[in-house]
Each structure stands twice: as structure tokens, then as C-alpha cells.
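What follows is one structure encoded as C-alpha cells, with my remarks underneath.
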Amino acid sequence: MQNLHDLADLSIDEVEALLRLANKLEREPEPRALEGKILSLLFLSPSLRTLTSFQSAMARLGGNSFVVSPEMSIHGLESRSGIVMDGSAAEHIREAVPVIASYGDAMGIRAFAERRSLHEDLTDRAYRELAALVDVPLINMESAVSHPCQSLADWKTLDDLGVPRKTGRLVLSWVYHPRPLPFSIPASTLQMASMRGMDVVILRPRGFELPESIMNNARQAAAAAGGNIMETEDRHEAMEGAHVVYAKSWSSVSQYESRPGDQALREGFMNWCIDEPWFATARDDCKFMHCLPVRRGVEVADRVLDGSRSVVIREARNRMIAQMAVLHHLLAN
Amino acid sequence: MQNLHDLADLSIDEVEALLRLANKLEREPEPRALEGKILSLLFLSPSLRTLTSFQSAMARLGGNSFVVSPEMSIHGLESRSGIVMDGSAAEHIREAVPVIASYGDAMGIRAFAERRSLHEDLTDRAYRELAALVDVPLINMESAVSHPCQSLADWKTLDDLGVPRKTGRLVLSWVYHPRPLPFSIPASTLQMASMRGMDVVILRPRGFELPESIMNNARQAAAAAGGNIMETEDRHEAMEGAHVVYAKSWSSVSQYESRPGDQALREGFMNWCIDEPWFATARDDCKFMHCLPVRRGVEVADRVLDGSRSVVIREARNRMIAQMAVLHHLLAN
Amino acid sequence: MQNLHDLADLSIDEVEALLRLANKLEREPEPRALEGKILSLLFLSPSLRTLTSFQSAMARLGGNSFVVSPEMSIHGLESRSGIVMDGSAAEHIREAVPVIASYGDAMGIRAFAERRSLHEDLTDRAYRELAALVDVPLINMESAVSHPCQSLADWKTLDDLGVPRKTGRLVLSWVYHPRPLPFSIPASTLQMASMRGMDVVILRPRGFELPESIMNNARQAAAAAGGNIMETEDRHEAMEGAHVVYAKSWSSVSQYESRPGDQALREGFMNWCIDEPWFATARDDCKFMHCLPVRRGVEVADRVLDGSRSVVIREARNRMIAQMAVLHHLLAN
């Protein structure tokens, strides 16, 4: 592993090695492992957990990091090719990205879906273009369809909780959100659970099926790992015997390029807010997962989020631990 | 001491131990004492000295830190309980604060007075609610009524200057400022000088008496330490034999919830700008203190601030030294 | 060398010693050289490369840094003398700068030309006033007429490329830019090439001659080093046998205090965009240099910037290496 673009690029053995390293670093800190090493962090999209957990992860290993976000540049960054730059943007990413990369021993980039084209987002075009400009180890800090650090953290969280790899049942549930959100988290979560060989259920209302390319990748991973994937809009059926429900909102594929169309569709499902009755057919100790940020009273009821089912803070803390392993793997001598 | 919420939580012995440690670290740096340790810094209010002195303090001890301010989060932070989050705020402090805390070995929080209710601010409700969400050592980086790091720095500054603890006379003087400022600095300074057992004079115009709860806390501390507290609006009397005048503006208690009412009251006292004639009855070497930022020509005349009386830069530098002691105490093995 | 205000303050021997140290640190990292040392970075003007390369340089040597920019302060910073601060600015640089300086072992300041007065900018008045407030080693991170770190990086880049010191030909070429830019880069580049004793050609349209004070300094340096300086508006003549062309836009001296006047003048020269035909009379391997950020299609054609002539990323990376040498020289025991 020279880069971390997508969880699907890793073999099960590589994931397991990373998680063993994560668990080791959690128990036995190595505060000088990355002495003199620098991580550059480029945020083209907003962040709270990723921004802070990467800085902390790097520093806990004795390294250091610096952060760049577009508002720090003189007049924003241009990303279009072949353009005459006589407008407000004073710098092109074709200079900015290699320069920032050249100041670090590894780099992290966050670039959310641009929502101009479903096809471009599903093929992660913007991230791939940025990645081509970087000649140090690169970590995807969330692109249009992938968030591998979140998935590593979630895999570790499931392990920490003792959820079995092959027989564990994970329900990936669409929930209501006032804005159309990208596919990065549902795609990554589905991939992660499929690679684990879990019994995966996608619970979503009609119109919010996941894109075929995402489903196909996951089906391949499930087949290889001996797991299976089911889709339903029936809560009762979905939650039957579930070990964990992973909540996330996402966009409608058919309305992806039309915000009003998506809005009209989703407004019919404002009651998709996870609450205690959802767990009626689940295992008694069924857990609630969410990558955060989460909207209280909209995506999930307070009593679930504040109750014993919720493991969201542990998930978030595992971001830092998983990333320590990734950084150690990429940068330690 | 597991946290630093308020100076009044410390015994005199604890303060003295911290200041001995501060003086030791000032003479003999320990650049590896906090190796691999991380401080998270959450600024819900603006900062210059606190922001930079905490980063520097942590790094001088071999640790590292990261900064969060609300504009970094996706859409600001919600703090109200039981709310349906269908507006612009995408994350609740009940998730954000524990997550940020989980990435550090200690945490600092700044949250100024909200000025919605005098009672809530005087009981430091907002800060106490945030503190309840943190399960690592927590440092108050200025709340509605408390700024213990400033007080430790000021205590050290008074020691550095040789101002006697029991017989030293400190005048806490209200000064004009175009905006109604909170009670955190006057409350903390009064508490600090009272704990030192000083002869404390509060010099303020009518209408700008300090709140009773703040006065009561200080009177208790003064009684325990053998000092005393006097209030007056007479400069001549107040400054008689003073070792130091500590300038700060604050709000009117009676107009706390009415900005126009406070404004009308304070505009009668625009001549409360400390200038050389104020020192007529003071000791010749009477010093001028201010926590900064200070408005030149409004709170104090240039010739005082630029003259030999002023110790404001030393006070500010002592912020860093005092905080090194706090961090060392909380985090060193 | 106790500070780095301007390249002209250094002797050739001092420059060579710094570059030897830079080359040594590039080959043999010293990740503990600046352990426990802190660099404060004050940006009164925007930055990308300087902001990140200084943070990285300091961290690679085992030190740490913190960043201040005006938007972090409560209400911006006042810099005028003798003013009554009853407006929006809550803090004066006469307090802010010494305080920030007191938290670091060295300091960097960036303060671009204010463009209120040509004379003030050419004498670097604003930077000199700030420098007078700092009592730790100070590094100029770009002022109105000087950018010594860029010049050290460029000197190193020319050495890296094997461009001969005495017989090398450097063309400093004005290029079109939609905004009137300051003299810091052309002045620093001209000084650097002149100190190297190069054959320097200033290529610019009429009306964009460099200020006399800048030319005089460079002529002195050229005379001392045995080089020479020529000015022309003839591309063919300028580029004859050139080893390198250094592109940069700058303002018109005669219209310096009139933006519309400068605009009218520069709009006649929108064809000053460096493209392949410019190199007709140059050496085959003539290189293209630019300090970045650069406007594609405006200052230079894509095919030049993306082709083998361009060394702009190497220049930018050398910023970090050169600054490591400066920091090591100023701060290592």
C-alpha cells in the first residue's frame, strides 16, 4: 500500500494488518515513530473530525502537519484545464497541489462531490485528477464516492464491539436530511461491511436505491468474502436480528443533477428518523452507528443518540487510531 | 487539580506550587516533558493571546495541539437541548465536544458570556454545560465569569515585580470602552488579588458596581488571606499608595440585558481613560496592568502604555509561562 | 546574521554559507536541531507557499510554529500612531506584535505594500516599523520591496540547475497581470541575480521601468560582483543566449498611486504572456522561473508552464529548504 485512495484497493490481509497496527498503537504509543516527518492536509471541503484527528494522529507519532484550505490562498484555486486565468482565481491546482505535496512526506486531500455530473462523481474524477498531481503517498480524506479512513475506523469499531465478521448483520439505513448528501459514506460503508463478509441490508425508501456501480463493487466484495447484500424498504424485515444499524442520508440517483427534484422526493420521507421502535425486531444489544455530523431529531432521535446503543463517539475516536496506523504504515522507517 | 475551571477552585498552596513550577520551567526548559501528548483547543469566541500562547506552551514542552473554531465546522454548532436540527447547524455540541476531547490528552475551551441572562452568565452555565461533556483534563480559556490562566499570569507578574502579597495595594479600575464587556476579567482579577491577601480597591463610577456574587466570593477569599476590599468612585482616594492599577472595562449590572441602557450609562464616563495625573497619589513606581487587547486613547493614554509603568507585555508573556505549568501539572508523567 | 530583513544585508559569503547549510539539511535531515524552539508567523497579507513552507521547515528541524492572521484577532489590528481607538480595531500592533514575538524564539512577518505612497513602500516603512517592535530574530516573509526567502530559494535553484554565477544570463521579464503588483519580487530577483554577478536583462514595456532606488541597489551589487544589468523592451535582444527567464508582473512607477492610470497603461500590453516563441534566441535549455502563484494563459502559456523549461515547483520546494537553513542558522544551539 503506497496510497490510500479507496478501501477496495486493499486486500483483506492488508486491512487486517492495518487494524492490528492500529490496536497496537492504541495500547503502546510510539511518540517518536514519525520524528521529522510532515503530513500536508489539503481541505477543499469542510471538515471537523478529519481536520483534527489527522493533526492529532500525526502528532501522537512524533510527526507534524500543516493545513491548507482554499480561503488561505490569495484568491481561491482554479481547477479547470486550459483556461485563461483572468478572473478572480490567482492560482491553479496544477501548481498549488504539487507545491503543497512537496512540503510534506505524505499528503491528505479532501474534495467532496461537485454534483455537476453523476458519472463524474461516481468515477471520482475530481479526486483522481488531484491524485495525479501528487508524487508522495496520498490519503483520501473523503472524495465524491470514497471515505476509506472512515471505513477503517468503522471496521475497527465493529471489531471492538465484537460484532462477528461473517454472521454479523449490519443495516445501512437511509435517513432523512434537509439536504441531498453525497454517496461517499454509504458506498464506503457498504464496501466495508461487504469485505467483512457480513449480512448487509440496505434499508431505504423507493427512489433512494444506491447507484449500480456502487452496488456492483459491493456485490463482488460480498461474494469474495462469503457474505450477502439485501435491499428493502421494510424496516421490520431489515432490522430482524440486526447487530448494528448504520444511519446515513444520501441523494436520489434519478434526481442527482436536480436539487429541487431530489428535495421533492425526500420530503415524502421525513419520518425516516431512527427512533427506539425501529429496534423492535433487532438484537437487544443492537448498536447505532453514524459517521457524524448528525442532525438530532432529524436523522435520529435524541434518546437513541444519547442512549446505550450509540457508539458514535467511539467511531469518531477510532478515526484517529485508524489513521495513526495508516500514517505509520506509509511513513515509518 | 484535575481541571482548571476557576482560580477559586485552587488552594493558595496549589497556586504557589503552580507558580514555582512556572518559574522553574521559565529557567529550565523541558522540551520533551509532554512528548506525544496532544492538547485540543476549542475557541467558541475570538482570541489572540490565548490561541497563540497555548500553542506555544504546549510545543515548548514537546507536545502538540490543534485548534477548532466554529467556522471550521460544516455549518456552525448547535448548543440548545432537545431541538430538531432542521436549520443551518449541522452538528450539536453534544457530539462535537466529546469527539474533539477524544483526540486530545487535555482540552481547553473558550466560551464568552452569551449576554442572554445575567444569572446564567454569573453562574457560568454555558461553560459548565460544555465541561460536563469532557472527560479529559479541561482548562477554562475564558468563560462568562472566569479566566483563571490570566489570573495565574497576573499573580506571577505581581510576584516578578516584587509587589508584596499582604501589604500590596492593587486598584482594579473600570475604564471607558465603546462596548459593554463581560465580567470575566474583573471577577478573576478581584479573586486573584483577594487570594493574595492584598489591599484591593475597586475604582468605578456609579452604576458600574460589580455583581454581588462576584463581590461575595472575593470577600471570602480576602477574609481567608487577611486582606481587604474597598469600593470607591474617588480616584484620589483609590490610588493612594497604590503599587499597581489594573485597568478593565465591564458592563453595568442593572443594564446587563439592555445594550442601549448600558451604552447610555457608560457614555457619561468617557473621561475614565487612565492617564498620568491618575497616579498623583500612587507610589512613584506604581505599575499599569491590563490583560489586553487595550484601546489606546480610550482605556489608557499612550504615554502610560508606552512608559515605564506599563507591564502589559510581561503580563502577556507570563500567560505562556503560567500555562506551561498548568499543562505540565495536568499531563506530565 | 541576527535577522533576515533583506538579501542586500547579507554578504556573498553569508549567502553561500546559508546555501551550503541548505544543501546539507536537504541531504541529511536534523529532526531534533530545533527541539523546543518556536517560530511565530504573523501574516498581515495572504499566503500559501510561505505559510506552509515555514511550518514544514520548522517541523522538519524538530521545532514548532504558530500562525497569526488579522482575522483571528477580535476586530483587526490598528497600526496608526497616536490614534484614539474608538472604532472597530480593538488592538494596536504596538501591543500585538511584541506579544506574539514574546511567544516565539524567532518571528516571521509578512506585510505587503500598502500602496498609499510610493516613497513609503520603496523605503519599506511599514515593515521597518513592525520590525522595530520585535526583539527576537526576525525573518521578512515578504514586505513592500523585499522577499529574501524567495531570493535564497531562487539562488539555490539556479545553483541546482548549474546556471553559472558570472556568465549566466537571467532575463527578468515583466508579464501582463490584471492587477498592479508590488515591486518586492522584481526588486529581490534583480538584487539576487546581481549579487551572483550574472548578466541580467530587465525586459519590460515602456512605462514599466523599475524604480531608480531598486536599480541603484542592483547596480551596486552587480558592480561588486563583476556582473552587469541591461534594460530593454526588445524580446529578441533580451533573450539572446539566456539561461533562464524569470517572469513577474509589477506596477508602473508613474501610476503607482493611481490604479486606473496603471490599468490603462498595462492594458496595452496584454500580449506580454510568455510563450514558446519567446525562446527563439535563448539557449535551447533555457529555463522558466516564477515565484508563484502564476496565472495560466495570462502571464505564461500552458505549454511553457507544463513543459520541460519550467522549474517553478522546484523553486517552490527550495523555499522550504532555504528557510530550514535560515531557521537553523538563527535558532540552533
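So you can find residues: chains in the C-alpha cells are A, B, ... in the order shown, residues in each start at 1, and ligands are numbered from 1 in order.
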Each residue of chain A lying at most 7 Å from chain C should get a row with its shortest atom-to-atom pair and the distance in Å to one decimal, counting only C-alpha atoms; could you produce that, ordered by chain and increasing number, as a tab-separated table?
residue	atom	partner	partner_atom	distance
A:Glu35	CA	C:Pro31	CA	6.4
A:Gly36	CA	C:Arg60	CA	4.5
A:Lys37	CA	C:Arg60	CA	6.5
A:Ile38	CA	C:Ser56	CA	6.6
A:Asn64	CA	C:Ala59	CA	6.3
A:Phe66	CA	C:Thr52	CA	6.5
A:Met72	CA	C:Leu48	CA	6.5
A:Ser73	CA	C:Leu48	CA	5.3
A:Ile74	CA	C:Pro46	CA	5.6
A:Ile83	CA	C:Gly297	CA	6.8
A:Val84	CA	C:Gly297	CA	4.5
A:Met85	CA	C:Arg295	CA	5.3
A:Asp86	CA	C:Val298	CA	6.5
A:Ala90	CA	C:Arg295	CA	5.9
A:Glu91	CA	C:Pro293	CA	5.1
A:Pro98	CA	C:Ile313	CA	6.9
A:Val99	CA	C:Ile313	CA	5.8
A:Ser102	CA	C:Arg317	CA	5.9
A:Tyr103	CA	C:Ser53	CA	6.2
Residues as selected, C-alpha atoms, written as a PDB file, in the first residue's frame, can you do that?
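Once written, result.pdb looks like this:
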ATOM      1  CA  GLU A  35      10.018  12.251  14.055  1.00  0.00           C
ATOM      2  CA  GLY A  36      10.783  14.940  11.472  1.00  0.00           C
ATOM      3  CA  LYS A  37       8.013  13.693   9.150  1.00  0.00           C
ATOM      4  CA  ILE A  38       5.404  16.108   7.823  1.00  0.00           C
ATOM      5  CA  ASN A  64       3.751  17.214  12.435  1.00  0.00           C
ATOM      6  CA  PHE A  66       0.029  21.678   8.252  1.00  0.00           C
ATOM      7  CA  MET A  72      -5.971  30.727   2.752  1.00  0.00           C
ATOM      8  CA  SER A  73      -4.881  31.124  -0.851  1.00  0.00           C
ATOM      9  CA  ILE A  74      -4.785  34.558  -2.402  1.00  0.00           C
ATOM     10  CA  ILE A  83      -8.419  28.206 -19.033  1.00  0.00           C
ATOM     11  CA  VAL A  84      -7.188  31.817 -19.343  1.00  0.00           C
ATOM     12  CA  MET A  85      -6.937  32.872 -15.711  1.00  0.00           C
ATOM     13  CA  ASP A  86      -8.018  36.489 -15.984  1.00  0.00           C
ATOM     14  CA  ALA A  90      -4.937  33.611  -8.846  1.00  0.00           C
ATOM     15  CA  GLU A  91      -3.571  30.073  -8.703  1.00  0.00           C
ATOM     16  CA  PRO A  98       2.390  19.731  -6.330  1.00  0.00           C
ATOM     17  CA  VAL A  99       3.824  22.597  -4.273  1.00  0.00           C
ATOM     18  CA  SER A 102       6.450  18.919  -1.987  1.00  0.00           C
ATOM     19  CA  TYR A 103       6.446  20.284   1.579  1.00  0.00           C
TER      20      TYR A 103
END
- Fewer than 3 positions away in the same chain doesn't count, so skip those; otherwise give me all residues within 8 Å of Pro70 (chain A), counting only C-alpha atoms, as a PyMOL selection string. chain A and resi 43-44+73+76-77
- Task: Write out as a VMD selection string all residues of region 12-261 of chain C that DSSP puts in strand (DSSP E) for this structure's backbone.
- Result: chain C and resid 38 to 43 64 to 68 77 to 78 91 to 92 106 to 110 138 to 140 169 to 174 199 to 203 228 to 232 244 to 248
Write the residues of the preceding selection, restricted to C-alpha atoms, as a PDB file, in the first residue's frame.
ATOM      1  CA  ILE C  38       9.011  28.042  18.472  1.00  0.00           C
ATOM      2  CA  LEU C  39       8.567  30.224  15.399  1.00  0.00           C
ATOM      3  CA  SER C  40       5.743  32.773  15.394  1.00  0.00           C
ATOM      4  CA  LEU C  41       4.327  33.583  11.977  1.00  0.00           C
ATOM      5  CA  LEU C  42       2.404  36.837  11.526  1.00  0.00           C
ATOM      6  CA  PHE C  43       0.622  37.153   8.190  1.00  0.00           C
ATOM      7  CA  ASN C  64       7.125  24.080  16.028  1.00  0.00           C
ATOM      8  CA  SER C  65       5.300  27.198  14.912  1.00  0.00           C
ATOM      9  CA  PHE C  66       2.030  29.041  15.232  1.00  0.00           C
ATOM     10  CA  VAL C  67       0.234  31.286  12.781  1.00  0.00           C
ATOM     11  CA  VAL C  68      -1.500  34.604  13.376  1.00  0.00           C
ATOM     12  CA  LEU C  77      -5.310  45.458  14.189  1.00  0.00           C
ATOM     13  CA  GLU C  78      -4.686  49.202  14.265  1.00  0.00           C
ATOM     14  CA  GLU C  91      -5.865  46.106  19.370  1.00  0.00           C
ATOM     15  CA  HIS C  92      -2.838  48.079  18.248  1.00  0.00           C
ATOM     16  CA  ALA C 106      12.066  33.766  16.262  1.00  0.00           C
ATOM     17  CA  MET C 107       9.370  35.505  14.237  1.00  0.00           C
ATOM     18  CA  GLY C 108       8.334  35.853  10.616  1.00  0.00           C
ATOM     19  CA  ILE C 109       6.281  38.817   9.385  1.00  0.00           C
ATOM     20  CA  ARG C 110       4.542  39.284   6.046  1.00  0.00           C
ATOM     21  CA  LEU C 138      13.021  38.360  12.651  1.00  0.00           C
ATOM     22  CA  ILE C 139      12.527  36.988   9.150  1.00  0.00           C
ATOM     23  CA  ASN C 140      10.965  39.085   6.393  1.00  0.00           C
ATOM     24  CA  ARG C 169      22.221  35.205 -18.337  1.00  0.00           C
ATOM     25  CA  LEU C 170      18.959  35.833 -16.461  1.00  0.00           C
ATOM     26  CA  VAL C 171      16.115  37.714 -18.101  1.00  0.00           C
ATOM     27  CA  LEU C 172      13.744  39.301 -15.597  1.00  0.00           C
ATOM     28  CA  SER C 173      10.669  39.734 -17.744  1.00  0.00           C
ATOM     29  CA  TRP C 174       7.620  41.842 -16.992  1.00  0.00           C
ATOM     30  CA  ASP C 199      24.391  39.002 -16.940  1.00  0.00           C
ATOM     31  CA  VAL C 200      20.954  40.419 -16.035  1.00  0.00           C
ATOM     32  CA  VAL C 201      18.462  41.749 -18.550  1.00  0.00           C
ATOM     33  CA  ILE C 202      15.293  43.542 -17.487  1.00  0.00           C
ATOM     34  CA  LEU C 203      12.747  43.061 -20.238  1.00  0.00           C
ATOM     35  CA  ASN C 228      26.048  43.792 -15.423  1.00  0.00           C
ATOM     36  CA  ILE C 229      22.440  44.924 -15.853  1.00  0.00           C
ATOM     37  CA  MET C 230      20.722  45.906 -19.077  1.00  0.00           C
ATOM     38  CA  GLU C 231      17.171  47.117 -19.734  1.00  0.00           C
ATOM     39  CA  THR C 232      15.262  46.665 -22.948  1.00  0.00           C
ATOM     40  CA  VAL C 244      16.710  31.483 -17.654  1.00  0.00           C
ATOM     41  CA  VAL C 245      13.741  33.792 -17.913  1.00  0.00           C
ATOM     42  CA  TYR C 246      12.176  34.894 -14.623  1.00  0.00           C
ATOM     43  CA  ALA C 247       8.622  36.118 -15.206  1.00  0.00           C
ATOM     44  CA  LYS C 248       6.839  38.613 -12.966  1.00  0.00           C
TER      45      LYS C 248
END
- Task: Find the residues around region 194-196 of chain A up to 12 Å (only C-alpha atoms counted), leave out those fewer than 6 positions away in its own chain, and share them as a PyMOL selection string.
- Result: chain A and resi 7-16+151-152+154-156+158-159+163-172+186-188+202+214-230
- Write out as number ranges by chain all residues of region 195-266 of chain A that backbone DSSP assigns to alpha helix (DSSP H). A: 195, 212-225, 235-239, 259-266
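Going from CA of Leu19 (chain A) to CA of Val326 (chain A) covers 9.2 Å.
Near Ser184 (chain C), within 7 Å and counting only C-alpha atoms, sit Ser143, Ala144, Val145, Ser146, His147 and Ser188 of chain C; same-chain residues fewer than 4 positions away were not included.
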